[in-house]
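Reviewing the structure listed below.
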Amino acid sequence: LTQPGMTIVCGDSHTATHGAFGALAFGIGTSQIRDVLATQSVAMEKQAVRKIEVTGELGEGVTAKDVVLSIIRELGTDGGVGYVYEYGGDVVESMSMHERMTLCNMSIEGGARAGYVNPDETTYEYLEGREEVPTGDAFEERKDYWESISSDPDATYDDVVEIDGSAIEPSVTWGINPGQVVGISEPIPAPEDLPADKRETAEQAYDHMDVAPGQTMAGYEIDVAFLGSCTNSRLSDLRQAATVLEGQEVHPDVRAMVVPGSQRVKAAAEAAGLDEIFREAGFEWREAGCSMCLGMNEDQLEGDEVSASSSNRNFIGRQGSKDGRTVLMSPQMVAA
C-alpha cells in the first residue's frame, strides 16, 4: 500500500520503516488511533528536520544495520528527539529499498519521530507492477508527483550531520541501549572517554553485559542466535545470512532460529530453498512474527543467556529475561 507522499500511522513505533518510500510514517498512541479512525487526521507538533548525509562507500560486510547503529552511536538514543531524520548521501542513494527500510526502521532508536529517504529511481522500480500502484500513463503521472515532493537540492534544514560511510565497520552493541556500539575490532570505551551524562549507563552496561573497558566484542560467547524482527528479516537479509551459513554448522551449545518478517517473505524464501540452508546449518525455521525481538510467546532468553540478535532493541529484559543479554548486529553477523 505504501507510496511516496503518504502519511502513514500505526500503533507501533517501527511504522517509521515506511519512510524508506518517501512517506512520512510514524507510530501513534491508542487515543490517536481513535482520532485517525474518526477523522482521517492526527494533530501533532511540527518537527524539526535533520539531514543525515552518509558519504563515501561502505566496506565489505558493512550493511545498512551497521550504518544506522553508527548513526545512533554518533548522535545518541535521544539525539533525534524533536526531529525527523532525512537520510541522504552516496551511501543511502546506492542502498536497495530493503536496506533503506532498515535505516528508517531504527530512526526510532535514535529518538527521532520518523526517518525517510527521498523517492528516486530505486523507489520507482521497486513499486512498479505492485498491486496497489497505478500502471501505464497513470504510473508516469504518479512518478511526476513523487518527483515534485522530493527535497529540493537547495532545501534548508534545521541541522545537517555528515557520517563517513567508509569509516564504518561491521558493528555490534556492547551495552544496554542501541547507542552503546563498537566496530567489531574496536575496544569497549572506558567511562572517562564518554560524555559525563553517559557514564552511569556505561557502568550499568559493564555490569549487566559482563564486559570491561578495553575488551573487544569479538569472541564474546553467545547462547542464542536470533535472525528476525521488522528491522532485518526481509528476503535480502535471509539471503545474506544464508550465504554465510552455507556449508557451516551451528555450535551444539547455541540455539539458533530464523523468523521471516512476513508470510510472503517466508514463502519466497522457501521457494528459493533458503529454509533448507538454514535447517541444514542447525537453525530452526519458524513462522513469521515478532518472536524473540521482544520476548514474545515462548521465544525468550533464559537466565543470563546471551543473544546475537538482528533486532532493534537491547534494553534489559527486552528479550524476556531480566538477566538476559542482547547484542544487536546485522543478519550476516548473526550468521557468522
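By convention in this document, the chains of the C-alpha cells carry letters A, B, ... by their order, each chain's residues are numbered from 1, and ligands are numbered from 1 in the order they are shown.
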
Backbone DSSP call of helix (DSSP H, G or I) for segment 125-239 of chain A, listed as a short mmCIF file (atom, residue, chain, number, x, y, z; two decimals) with all heavy atoms, in the first residue's frame:
data_model
loop_
_atom_site.label_atom_id
_atom_site.label_comp_id
_atom_site.auth_asym_id
_atom_site.auth_seq_id
_atom_site.Cartn_x
_atom_site.Cartn_y
_atom_site.Cartn_z
N GLU A 125 11.32 1.70 -9.30
CA GLU A 125 11.49 0.33 -9.83
C GLU A 125 10.90 -0.69 -8.86
O GLU A 125 10.31 -1.69 -9.29
CB GLU A 125 12.98 0.04 -10.05
CG GLU A 125 13.55 0.71 -11.29
CD GLU A 125 15.05 0.55 -11.39
OE1 GLU A 125 15.59 -0.41 -10.79
OE2 GLU A 125 15.69 1.39 -12.05
N TYR A 126 11.05 -0.44 -7.58
CA TYR A 126 10.52 -1.35 -6.56
C TYR A 126 8.98 -1.35 -6.58
O TYR A 126 8.34 -2.39 -6.42
CB TYR A 126 11.03 -0.95 -5.18
CG TYR A 126 10.69 -1.90 -4.06
CD1 TYR A 126 11.55 -2.93 -3.70
CD2 TYR A 126 9.50 -1.76 -3.33
CE1 TYR A 126 11.25 -3.80 -2.66
CE2 TYR A 126 9.18 -2.62 -2.30
CZ TYR A 126 10.06 -3.64 -1.96
OH TYR A 126 9.75 -4.50 -0.93
N LEU A 127 8.41 -0.16 -6.79
CA LEU A 127 6.94 -0.02 -6.73
C LEU A 127 6.23 -0.49 -8.00
O LEU A 127 5.12 -1.01 -7.94
CB LEU A 127 6.58 1.44 -6.47
CG LEU A 127 6.85 1.99 -5.07
CD1 LEU A 127 6.66 3.49 -5.04
CD2 LEU A 127 5.96 1.31 -4.04
N GLY A 136 0.91 2.04 -16.47
CA GLY A 136 0.90 2.80 -17.73
C GLY A 136 1.11 4.28 -17.53
O GLY A 136 1.96 4.71 -16.75
N ASP A 137 0.29 5.10 -18.24
CA ASP A 137 0.42 6.55 -18.16
C ASP A 137 0.18 7.06 -16.74
O ASP A 137 0.80 8.03 -16.30
CB ASP A 137 -0.57 7.23 -19.12
CG ASP A 137 -0.19 7.01 -20.58
OD1 ASP A 137 0.97 6.63 -20.83
OD2 ASP A 137 -1.06 7.22 -21.44
N ALA A 138 -0.74 6.39 -16.04
CA ALA A 138 -1.05 6.81 -14.66
C ALA A 138 0.17 6.65 -13.76
O ALA A 138 0.39 7.47 -12.85
CB ALA A 138 -2.22 5.99 -14.12
N PHE A 139 0.98 5.63 -14.04
CA PHE A 139 2.21 5.44 -13.25
C PHE A 139 3.19 6.58 -13.53
O PHE A 139 3.82 7.12 -12.60
CB PHE A 139 2.85 4.09 -13.58
CG PHE A 139 4.11 3.82 -12.78
CD1 PHE A 139 4.05 3.48 -11.44
CD2 PHE A 139 5.36 3.93 -13.37
CE1 PHE A 139 5.20 3.24 -10.70
CE2 PHE A 139 6.52 3.70 -12.65
CZ PHE A 139 6.44 3.34 -11.31
N GLU A 140 3.32 6.97 -14.79
CA GLU A 140 4.24 8.06 -15.15
C GLU A 140 3.78 9.37 -14.51
O GLU A 140 4.60 10.17 -14.04
CB GLU A 140 4.34 8.20 -16.67
CG GLU A 140 4.99 7.02 -17.38
CD GLU A 140 6.38 6.70 -16.83
OE1 GLU A 140 7.16 7.66 -16.61
OE2 GLU A 140 6.69 5.51 -16.61
N GLU A 141 2.47 9.59 -14.49
CA GLU A 141 1.94 10.80 -13.84
C GLU A 141 2.23 10.79 -12.35
O GLU A 141 2.61 11.81 -11.76
CB GLU A 141 0.42 10.89 -14.07
CG GLU A 141 0.03 11.28 -15.48
CD GLU A 141 -1.47 11.23 -15.70
OE1 GLU A 141 -2.22 11.29 -14.69
OE2 GLU A 141 -1.90 11.12 -16.86
N ARG A 142 2.06 9.62 -11.75
CA ARG A 142 2.33 9.50 -10.32
C ARG A 142 3.81 9.74 -10.04
O ARG A 142 4.16 10.38 -9.05
CB ARG A 142 1.91 8.10 -9.84
CG ARG A 142 1.93 7.92 -8.32
CD ARG A 142 0.95 8.81 -7.59
NE ARG A 142 -0.43 8.55 -7.96
CZ ARG A 142 -1.20 7.63 -7.38
NH1 ARG A 142 -0.73 6.88 -6.41
NH2 ARG A 142 -2.44 7.48 -7.77
N LYS A 143 4.67 9.26 -10.93
CA LYS A 143 6.11 9.48 -10.78
C LYS A 143 6.44 10.98 -10.78
O LYS A 143 7.27 11.44 -10.00
CB LYS A 143 6.89 8.78 -11.90
CG LYS A 143 7.46 7.43 -11.51
CD LYS A 143 8.21 6.77 -12.66
CE LYS A 143 9.48 7.48 -13.04
NZ LYS A 143 10.26 6.74 -14.06
N ASP A 144 5.77 11.72 -11.67
CA ASP A 144 5.99 13.17 -11.72
C ASP A 144 5.64 13.81 -10.38
O ASP A 144 6.36 14.69 -9.89
CB ASP A 144 5.15 13.81 -12.83
CG ASP A 144 5.66 13.45 -14.21
OD1 ASP A 144 6.82 13.02 -14.33
OD2 ASP A 144 4.87 13.60 -15.19
N TYR A 145 4.55 13.35 -9.80
CA TYR A 145 4.15 13.88 -8.48
C TYR A 145 5.19 13.50 -7.43
O TYR A 145 5.61 14.34 -6.61
CB TYR A 145 2.76 13.34 -8.08
CG TYR A 145 2.47 13.53 -6.61
CD1 TYR A 145 2.32 14.81 -6.06
CD2 TYR A 145 2.37 12.44 -5.75
CE1 TYR A 145 2.08 14.99 -4.71
CE2 TYR A 145 2.13 12.61 -4.40
CZ TYR A 145 1.99 13.88 -3.88
OH TYR A 145 1.76 14.06 -2.54
N TRP A 146 5.61 12.23 -7.43
CA TRP A 146 6.61 11.78 -6.46
C TRP A 146 7.89 12.60 -6.57
O TRP A 146 8.50 12.96 -5.56
CB TRP A 146 6.91 10.30 -6.66
CG TRP A 146 5.75 9.39 -6.33
CD1 TRP A 146 4.69 9.66 -5.52
CD2 TRP A 146 5.54 8.05 -6.82
NE1 TRP A 146 3.83 8.58 -5.46
CE2 TRP A 146 4.33 7.59 -6.25
CE3 TRP A 146 6.26 7.22 -7.67
CZ2 TRP A 146 3.83 6.31 -6.50
CZ3 TRP A 146 5.77 5.95 -7.93
CH2 TRP A 146 4.56 5.49 -7.35
N GLU A 147 8.30 12.90 -7.81
CA GLU A 147 9.50 13.72 -8.02
C GLU A 147 9.30 15.11 -7.41
O GLU A 147 10.22 15.68 -6.82
CB GLU A 147 9.80 13.86 -9.51
CG GLU A 147 10.35 12.61 -10.18
CD GLU A 147 11.80 12.36 -9.82
OE1 GLU A 147 12.54 13.34 -9.59
OE2 GLU A 147 12.19 11.18 -9.75
N SER A 148 8.09 15.64 -7.53
CA SER A 148 7.83 17.01 -7.08
C SER A 148 7.89 17.16 -5.58
O SER A 148 8.10 18.27 -5.08
CB SER A 148 6.45 17.47 -7.59
OG SER A 148 5.40 16.89 -6.82
N GLY A 165 30.82 7.01 5.56
CA GLY A 165 30.46 5.61 5.41
C GLY A 165 31.66 4.69 5.29
O GLY A 165 31.62 3.54 5.75
N SER A 166 32.74 5.18 4.70
CA SER A 166 33.92 4.33 4.51
C SER A 166 34.63 4.02 5.82
O SER A 166 35.44 3.09 5.90
CB SER A 166 34.90 4.98 3.53
OG SER A 166 35.31 6.24 4.03
N ALA A 167 34.32 4.77 6.89
CA ALA A 167 34.95 4.53 8.20
C ALA A 167 34.16 3.53 9.05
O ALA A 167 34.61 3.13 10.12
CB ALA A 167 35.08 5.86 8.95
N PRO A 191 34.77 4.62 30.86
CA PRO A 191 33.84 5.68 31.27
C PRO A 191 34.39 7.08 31.04
O PRO A 191 33.66 7.97 30.61
CB PRO A 191 33.63 5.41 32.77
CG PRO A 191 34.03 4.00 32.99
CD PRO A 191 35.04 3.67 31.95
N GLU A 192 35.68 7.26 31.31
CA GLU A 192 36.26 8.60 31.16
C GLU A 192 36.33 9.07 29.71
O GLU A 192 36.51 10.26 29.43
CB GLU A 192 37.65 8.67 31.80
CG GLU A 192 38.66 7.69 31.25
CD GLU A 192 38.69 6.37 32.01
OE1 GLU A 192 37.67 6.03 32.67
OE2 GLU A 192 39.72 5.68 31.94
N ASP A 193 36.17 8.13 28.77
CA ASP A 193 36.17 8.50 27.34
C ASP A 193 34.78 8.87 26.85
O ASP A 193 34.61 9.24 25.68
CB ASP A 193 36.71 7.35 26.49
CG ASP A 193 38.17 7.03 26.82
OD1 ASP A 193 38.89 7.97 27.23
OD2 ASP A 193 38.57 5.86 26.69
N ALA A 196 29.90 12.91 30.18
CA ALA A 196 29.56 12.72 31.60
C ALA A 196 28.17 12.12 31.78
O ALA A 196 27.96 11.28 32.67
CB ALA A 196 29.65 14.06 32.33
N ASP A 197 27.22 12.51 30.91
CA ASP A 197 25.84 12.02 31.09
C ASP A 197 25.66 10.57 30.60
O ASP A 197 24.58 10.01 30.75
CB ASP A 197 24.84 12.94 30.39
CG ASP A 197 25.05 13.01 28.88
OD1 ASP A 197 26.16 12.66 28.42
OD2 ASP A 197 24.11 13.41 28.17
N LYS A 198 26.71 9.98 30.02
CA LYS A 198 26.62 8.60 29.54
C LYS A 198 27.34 7.61 30.47
O LYS A 198 27.27 6.40 30.27
CB LYS A 198 27.23 8.46 28.14
CG LYS A 198 26.69 9.43 27.09
CD LYS A 198 25.26 9.15 26.72
CE LYS A 198 24.78 10.08 25.60
NZ LYS A 198 23.33 10.03 25.41
N ARG A 199 28.04 8.11 31.47
CA ARG A 199 28.92 7.25 32.27
C ARG A 199 28.16 6.30 33.19
O ARG A 199 28.54 5.15 33.36
CB ARG A 199 29.91 8.11 33.07
CG ARG A 199 30.94 8.78 32.16
CD ARG A 199 31.80 9.78 32.87
NE ARG A 199 32.57 10.56 31.90
CZ ARG A 199 33.25 11.66 32.20
NH1 ARG A 199 33.28 12.10 33.46
NH2 ARG A 199 33.91 12.32 31.25
N GLU A 200 27.09 6.80 33.78
CA GLU A 200 26.33 5.95 34.71
C GLU A 200 25.72 4.75 33.96
O GLU A 200 25.78 3.61 34.43
CB GLU A 200 25.22 6.77 35.38
CG GLU A 200 24.51 6.00 36.48
CD GLU A 200 23.45 6.84 37.18
OE1 GLU A 200 23.51 8.09 37.12
OE2 GLU A 200 22.54 6.22 37.77
N THR A 201 25.17 5.02 32.77
CA THR A 201 24.60 3.94 31.96
C THR A 201 25.70 2.97 31.54
O THR A 201 25.47 1.76 31.47
CB THR A 201 23.90 4.50 30.71
OG1 THR A 201 23.03 5.54 31.11
CG2 THR A 201 23.10 3.43 30.00
N ALA A 202 26.88 3.50 31.23
CA ALA A 202 28.00 2.63 30.84
C ALA A 202 28.37 1.69 31.99
O ALA A 202 28.61 0.49 31.77
CB ALA A 202 29.20 3.48 30.44
N GLU A 203 28.40 2.21 33.21
CA GLU A 203 28.73 1.36 34.37
C GLU A 203 27.69 0.24 34.52
O GLU A 203 28.04 -0.91 34.78
CB GLU A 203 28.79 2.20 35.65
CG GLU A 203 29.92 3.22 35.70
CD GLU A 203 31.30 2.60 35.87
OE1 GLU A 203 31.41 1.36 36.02
OE2 GLU A 203 32.29 3.36 35.84
N GLN A 204 26.42 0.59 34.33
CA GLN A 204 25.36 -0.42 34.36
C GLN A 204 25.58 -1.48 33.28
O GLN A 204 25.40 -2.67 33.50
CB GLN A 204 23.99 0.23 34.10
CG GLN A 204 23.33 0.87 35.28
CD GLN A 204 21.97 1.43 34.84
OE1 GLN A 204 21.89 2.49 34.24
NE2 GLN A 204 20.92 0.70 35.13
N ALA A 205 25.98 -1.00 32.10
CA ALA A 205 26.18 -1.90 30.96
C ALA A 205 27.34 -2.85 31.19
O ALA A 205 27.24 -4.05 30.90
CB ALA A 205 26.42 -1.08 29.69
N TYR A 206 28.48 -2.35 31.72
CA TYR A 206 29.62 -3.24 32.00
C TYR A 206 29.17 -4.37 32.91
O TYR A 206 29.50 -5.54 32.71
CB TYR A 206 30.77 -2.50 32.71
CG TYR A 206 31.33 -1.30 31.99
CD1 TYR A 206 31.70 -0.16 32.70
CD2 TYR A 206 31.51 -1.29 30.61
CE1 TYR A 206 32.22 0.95 32.07
CE2 TYR A 206 32.04 -0.17 29.96
CZ TYR A 206 32.38 0.94 30.71
OH TYR A 206 32.90 2.05 30.08
N ASP A 207 28.41 -3.98 33.93
CA ASP A 207 27.98 -4.96 34.94
C ASP A 207 27.00 -5.97 34.34
O ASP A 207 27.16 -7.19 34.49
CB ASP A 207 27.33 -4.22 36.12
CG ASP A 207 26.90 -5.17 37.23
OD1 ASP A 207 27.76 -5.95 37.71
OD2 ASP A 207 25.71 -5.15 37.60
N HIS A 208 25.99 -5.46 33.62
CA HIS A 208 24.96 -6.35 33.09
C HIS A 208 25.51 -7.27 32.00
O HIS A 208 25.20 -8.47 31.96
CB HIS A 208 23.79 -5.54 32.53
CG HIS A 208 22.67 -6.37 32.00
ND1 HIS A 208 21.74 -6.98 32.83
CD2 HIS A 208 22.33 -6.75 30.74
CE1 HIS A 208 20.89 -7.67 32.11
NE2 HIS A 208 21.22 -7.55 30.83
N MET A 209 26.31 -6.72 31.13
CA MET A 209 26.82 -7.50 29.99
C MET A 209 28.07 -8.30 30.33
O MET A 209 28.52 -9.12 29.52
CB MET A 209 27.13 -6.55 28.81
CG MET A 209 25.92 -5.81 28.27
SD MET A 209 24.65 -6.90 27.57
CE MET A 209 25.48 -7.50 26.10
N LEU A 235 13.63 -10.64 2.69
CA LEU A 235 14.21 -11.72 1.87
C LEU A 235 15.71 -11.50 1.66
O LEU A 235 16.50 -12.45 1.74
CB LEU A 235 13.48 -11.82 0.53
CG LEU A 235 13.86 -13.01 -0.34
CD1 LEU A 235 13.58 -14.33 0.36
CD2 LEU A 235 13.13 -12.95 -1.68
N SER A 236 16.12 -10.26 1.38
CA SER A 236 17.55 -9.99 1.14
C SER A 236 18.38 -10.28 2.40
O SER A 236 19.51 -10.76 2.31
CB SER A 236 17.75 -8.54 0.70
OG SER A 236 17.22 -7.65 1.65
N ASP A 237 17.82 -9.98 3.58
CA ASP A 237 18.52 -10.29 4.84
C ASP A 237 18.74 -11.80 4.98
O ASP A 237 19.83 -12.25 5.37
CB ASP A 237 17.70 -9.79 6.04
CG ASP A 237 17.53 -8.29 6.06
OD1 ASP A 237 18.51 -7.57 5.78
OD2 ASP A 237 16.42 -7.82 6.36
N LEU A 238 17.69 -12.56 4.67
CA LEU A 238 17.80 -14.02 4.79
C LEU A 238 18.79 -14.58 3.78
O LEU A 238 19.55 -15.50 4.09
CB LEU A 238 16.42 -14.67 4.62
CG LEU A 238 15.30 -14.20 5.56
CD1 LEU A 238 14.07 -15.08 5.41
CD2 LEU A 238 15.76 -14.19 7.02
N ARG A 239 18.79 -14.01 2.58
CA ARG A 239 19.76 -14.45 1.55
C ARG A 239 21.20 -14.22 2.02
O ARG A 239 22.07 -15.08 1.88
CB ARG A 239 19.54 -13.68 0.25
CG ARG A 239 18.37 -14.13 -0.58
CD ARG A 239 18.42 -13.44 -1.95
NE ARG A 239 17.17 -13.57 -2.67
CZ ARG A 239 16.78 -14.65 -3.32
NH1 ARG A 239 17.53 -15.72 -3.32
NH2 ARG A 239 15.62 -14.67 -3.97
#

I want to know what sits within 9 Å of Thr77 of chain A, based on only C-alpha atoms, with residues of the same chain fewer than 2 positions away left out; could you give that as an mmCIF file with C-alpha atoms, in the first residue's frame?
data_model
loop_
_atom_site.group_PDB
_atom_site.id
_atom_site.type_symbol
_atom_site.label_atom_id
_atom_site.label_comp_id
_atom_site.auth_asym_id
_atom_site.auth_seq_id
_atom_site.Cartn_x
_atom_site.Cartn_y
_atom_site.Cartn_z
ATOM 1 C CA ILE A 72 22.782 6.207 16.775
ATOM 2 C CA ARG A 73 26.230 5.834 18.348
ATOM 3 C CA LEU A 75 24.008 11.179 17.775
ATOM 4 C CA GLY A 79 19.706 12.897 19.833
ATOM 5 C CA GLY A 80 16.742 12.778 17.466
ATOM 6 C CA VAL A 81 14.107 13.995 19.927
ATOM 7 C CA ILE A 108 13.120 5.495 16.458
ATOM 8 C CA GLU A 109 16.012 4.018 18.439
ATOM 9 C CA GLY A 110 17.836 7.297 17.757
ATOM 10 C CA GLY A 111 14.968 9.262 19.327
ATOM 11 C CA ALA A 112 13.616 10.655 16.034
ATOM 12 C CA ASN A 177 20.922 0.581 24.661
ATOM 13 C CA PRO A 178 21.288 0.840 20.861
ATOM 14 C CA GLY A 179 23.755 3.734 21.162
#

Next item on the list: Fewer than 2 positions away in the same chain doesn't count, so skip those; otherwise give me all residues within 8 Å of Thr55 of chain A, counting only C-alpha atoms, as an NGL selection string.
Entry: :A and (53 or 57 or 89-91 or 162-166)

Could you take the residues named above and write them with N, CA, C and O atoms, as a PDB file, in the first residue's frame?
ATOM      1  N   GLU A  53      23.739  12.911   6.060  1.00  0.00           N
ATOM      2  CA  GLU A  53      24.434  12.569   4.816  1.00  0.00           C
ATOM      3  C   GLU A  53      25.446  11.471   5.122  1.00  0.00           C
ATOM      4  O   GLU A  53      26.377  11.692   5.908  1.00  0.00           O
ATOM      5  N   GLU A  57      31.834   5.204   0.546  1.00  0.00           N
ATOM      6  CA  GLU A  57      31.423   3.880   0.094  1.00  0.00           C
ATOM      7  C   GLU A  57      31.599   2.887   1.243  1.00  0.00           C
ATOM      8  O   GLU A  57      32.606   2.925   1.954  1.00  0.00           O
ATOM      9  N   GLY A  89      22.930  11.170   0.786  1.00  0.00           N
ATOM     10  CA  GLY A  89      24.345  10.915   0.543  1.00  0.00           C
ATOM     11  C   GLY A  89      24.548   9.695  -0.337  1.00  0.00           C
ATOM     12  O   GLY A  89      23.622   8.911  -0.578  1.00  0.00           O
ATOM     13  N   ASP A  90      25.775   9.533  -0.826  1.00  0.00           N
ATOM     14  CA  ASP A  90      26.086   8.467  -1.777  1.00  0.00           C
ATOM     15  C   ASP A  90      25.709   7.085  -1.257  1.00  0.00           C
ATOM     16  O   ASP A  90      25.193   6.250  -2.005  1.00  0.00           O
ATOM     17  N   VAL A  91      25.986   6.838   0.019  1.00  0.00           N
ATOM     18  CA  VAL A  91      25.725   5.500   0.578  1.00  0.00           C
ATOM     19  C   VAL A  91      24.234   5.189   0.552  1.00  0.00           C
ATOM     20  O   VAL A  91      23.816   4.101   0.131  1.00  0.00           O
ATOM     21  N   GLU A 162      27.061  14.875   8.877  1.00  0.00           N
ATOM     22  CA  GLU A 162      27.738  14.053   7.868  1.00  0.00           C
ATOM     23  C   GLU A 162      28.426  12.878   8.536  1.00  0.00           C
ATOM     24  O   GLU A 162      29.128  13.041   9.541  1.00  0.00           O
ATOM     25  N   ILE A 163      28.197  11.680   7.999  1.00  0.00           N
ATOM     26  CA  ILE A 163      28.806  10.451   8.509  1.00  0.00           C
ATOM     27  C   ILE A 163      29.660   9.861   7.391  1.00  0.00           C
ATOM     28  O   ILE A 163      29.190   9.716   6.257  1.00  0.00           O
ATOM     29  N   ASP A 164      30.902   9.519   7.703  1.00  0.00           N
ATOM     30  CA  ASP A 164      31.795   8.923   6.707  1.00  0.00           C
ATOM     31  C   ASP A 164      31.523   7.420   6.620  1.00  0.00           C
ATOM     32  O   ASP A 164      31.937   6.657   7.491  1.00  0.00           O
ATOM     33  N   GLY A 165      30.825   7.011   5.560  1.00  0.00           N
ATOM     34  CA  GLY A 165      30.460   5.608   5.410  1.00  0.00           C
ATOM     35  C   GLY A 165      31.657   4.687   5.291  1.00  0.00           C
ATOM     36  O   GLY A 165      31.622   3.538   5.752  1.00  0.00           O
ATOM     37  N   SER A 166      32.744   5.182   4.704  1.00  0.00           N
ATOM     38  CA  SER A 166      33.924   4.328   4.509  1.00  0.00           C
ATOM     39  C   SER A 166      34.631   4.016   5.825  1.00  0.00           C
ATOM     40  O   SER A 166      35.444   3.090   5.897  1.00  0.00           O
TER      41      SER A 166
END

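Using only C-alpha atoms, the smallest distance between any of A:Gly115, A:Gly61, A:Gly129, A:Gly82 and Thr15 of chain A comes from A:Gly115.
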
With the cut-off set at 9 Å and counting only C-alpha atoms, tabulate each residue of segment 243-317 of chain A with an atom at most that distance from an atom of segment 326-332 of chain A, showing the nearest atom pair and its distance in Å to one decimal, ordered by chain and increasing number, as CSV.
residue,atom,partner,partner_atom,distance
A:Thr243,CA,A:Gln332,CA,8.4
A:Val244,CA,A:Gln332,CA,6.5
A:Leu245,CA,A:Gln332,CA,8.8
A:Glu305,CA,A:Thr326,CA,8.5
A:Val306,CA,A:Thr326,CA,5.8
A:Ser307,CA,A:Thr326,CA,4.8
A:Ala308,CA,A:Val327,CA,5.1
A:Ser309,CA,A:Leu328,CA,5.0
A:Ser310,CA,A:Met329,CA,5.2
A:Ser311,CA,A:Leu328,CA,6.3
A:Asn312,CA,A:Leu328,CA,6.8
A:Arg313,CA,A:Leu328,CA,7.3
A:Asn314,CA,A:Thr326,CA,5.1
A:Phe315,CA,A:Thr326,CA,7.7
A:Ile316,CA,A:Thr326,CA,8.1

If you keep N, CA, C and O atoms, can you produce a file of those selected residues as an mmCIF file, in the first residue's frame?
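The result, stored in selection.cif:
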data_model
loop_
_atom_site.group_PDB
_atom_site.id
_atom_site.type_symbol
_atom_site.label_atom_id
_atom_site.label_comp_id
_atom_site.auth_asym_id
_atom_site.auth_seq_id
_atom_site.Cartn_x
_atom_site.Cartn_y
_atom_site.Cartn_z
ATOM 1 N N THR A 243 24.035 -17.093 2.828
ATOM 2 C CA THR A 243 25.335 -17.143 2.136
ATOM 3 C C THR A 243 26.464 -17.429 3.129
ATOM 4 O O THR A 243 27.379 -18.208 2.854
ATOM 5 N N VAL A 244 26.382 -16.817 4.303
ATOM 6 C CA VAL A 244 27.389 -17.039 5.347
ATOM 7 C C VAL A 244 27.292 -18.461 5.902
ATOM 8 O O VAL A 244 28.300 -19.104 6.209
ATOM 9 N N LEU A 245 26.056 -18.967 6.016
ATOM 10 C CA LEU A 245 25.815 -20.257 6.684
ATOM 11 C C LEU A 245 26.071 -21.474 5.806
ATOM 12 O O LEU A 245 26.288 -22.570 6.318
ATOM 13 N N GLU A 305 21.382 -15.790 29.559
ATOM 14 C CA GLU A 305 21.785 -16.139 28.198
ATOM 15 C C GLU A 305 22.134 -14.894 27.381
ATOM 16 O O GLU A 305 21.576 -13.823 27.589
ATOM 17 N N VAL A 306 23.051 -15.091 26.441
ATOM 18 C CA VAL A 306 23.456 -14.022 25.525
ATOM 19 C C VAL A 306 22.857 -14.305 24.156
ATOM 20 O O VAL A 306 22.972 -15.410 23.629
ATOM 21 N N SER A 307 22.220 -13.280 23.578
ATOM 22 C CA SER A 307 21.602 -13.407 22.259
ATOM 23 C C SER A 307 22.329 -12.534 21.250
ATOM 24 O O SER A 307 22.515 -11.333 21.469
ATOM 25 N N ALA A 308 22.765 -13.144 20.149
ATOM 26 C CA ALA A 308 23.211 -12.384 18.978
ATOM 27 C C ALA A 308 21.952 -12.149 18.154
ATOM 28 O O ALA A 308 21.354 -13.086 17.637
ATOM 29 N N SER A 309 21.527 -10.900 18.040
ATOM 30 C CA SER A 309 20.189 -10.609 17.521
ATOM 31 C C SER A 309 20.213 -9.565 16.417
ATOM 32 O O SER A 309 20.884 -8.533 16.529
ATOM 33 N N SER A 310 19.443 -9.822 15.353
ATOM 34 C CA SER A 310 19.338 -8.846 14.257
ATOM 35 C C SER A 310 18.194 -7.856 14.502
ATOM 36 O O SER A 310 17.781 -7.152 13.593
ATOM 37 N N SER A 311 17.712 -7.786 15.743
ATOM 38 C CA SER A 311 16.574 -6.929 16.084
ATOM 39 C C SER A 311 17.026 -5.497 16.380
ATOM 40 O O SER A 311 18.136 -5.100 16.018
ATOM 41 N N ASN A 312 16.182 -4.716 17.038
ATOM 42 C CA ASN A 312 16.424 -3.278 17.147
ATOM 43 C C ASN A 312 16.657 -2.754 18.559
ATOM 44 O O ASN A 312 17.076 -1.614 18.720
ATOM 45 N N ARG A 313 16.381 -3.536 19.584
ATOM 46 C CA ARG A 313 16.493 -3.019 20.959
ATOM 47 C C ARG A 313 17.199 -4.029 21.854
ATOM 48 O O ARG A 313 16.932 -5.230 21.776
ATOM 49 N N ASN A 314 18.073 -3.513 22.701
ATOM 50 C CA ASN A 314 18.853 -4.373 23.603
ATOM 51 C C ASN A 314 18.691 -3.959 25.056
ATOM 52 O O ASN A 314 19.574 -4.176 25.875
ATOM 53 N N PHE A 315 17.541 -3.344 25.376
ATOM 54 C CA PHE A 315 17.282 -2.935 26.749
ATOM 55 C C PHE A 315 17.214 -4.155 27.670
ATOM 56 O O PHE A 315 16.846 -5.251 27.235
ATOM 57 N N ILE A 316 17.540 -3.964 28.939
ATOM 58 C CA ILE A 316 17.476 -5.051 29.914
ATOM 59 C C ILE A 316 16.049 -5.593 29.959
ATOM 60 O O ILE A 316 15.085 -4.838 30.102
#

Next item on the list: State, in Å with one decimal place, the distance from atom CA of Val265 of chain A to atom CA of Arg234 of chain A.
Entry: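 Computed distance, atom CA of Val265 of chain A to atom CA of Arg234 of chain A, equals 6.3 Å.
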
Give me the segment 92-155 of chain A side of the contact with segment 23-26 of chain A, cut-off 10 Å, one line per residue showing its nearest atom pair and distance in Å at one decimal, counting only C-alpha atoms, sorted by chain and residue number, as a tab-separated table.
residue	atom	partner	partner_atom	distance
A:Cys104	CA	A:Ala25	CA	9.4
A:Asn105	CA	A:Phe26	CA	9.8
A:Ile108	CA	A:Phe26	CA	8.8
A:Ala112	CA	A:Phe26	CA	9.6
A:Arg113	CA	A:Phe26	CA	6.5
A:Ala114	CA	A:Phe26	CA	5.5
A:Gly115	CA	A:Leu24	CA	7.7
A:Tyr116	CA	A:Ala23	CA	6.7
A:Val117	CA	A:Ala23	CA	8.2
A:Asn118	CA	A:Ala23	CA	8.5
A:Pro119	CA	A:Ala23	CA	8.7

Margin query: Set the distance at 10 Å and use only C-alpha atoms: which residues neighbour Glu302 of chain A once local chain neighbours fewer than 6 positions away are removed? I'd like the list as a PyMOL selection string.
Written below: chain A and resi 223-224+319-325

Notebook entry, point to check: Of the residues A:Ala190, A:Val259, A:Cys10, A:Ala335, which is the one nearest to Asp35 of chain A, using only C-alpha atoms?
Noted result: A:Cys10

Item checked: Contact residues around Ile184 of chain A with only C-alpha atoms at 7 Å, ignoring same-chain residues under 3 positions, as a list in words ->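 My list of contacting residues is Pro170, Ser171, Val172, Thr216, Met217 and Ala218 of chain A.
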
Item checked: Residue with smallest distance to Met296 of chain A - pool A:Arg50, A:Arg318, A:Ser94, A:Ser70, counting only C-alpha atoms ->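 The answer is A:Arg318, which sits nearest to Met296 of chain A.
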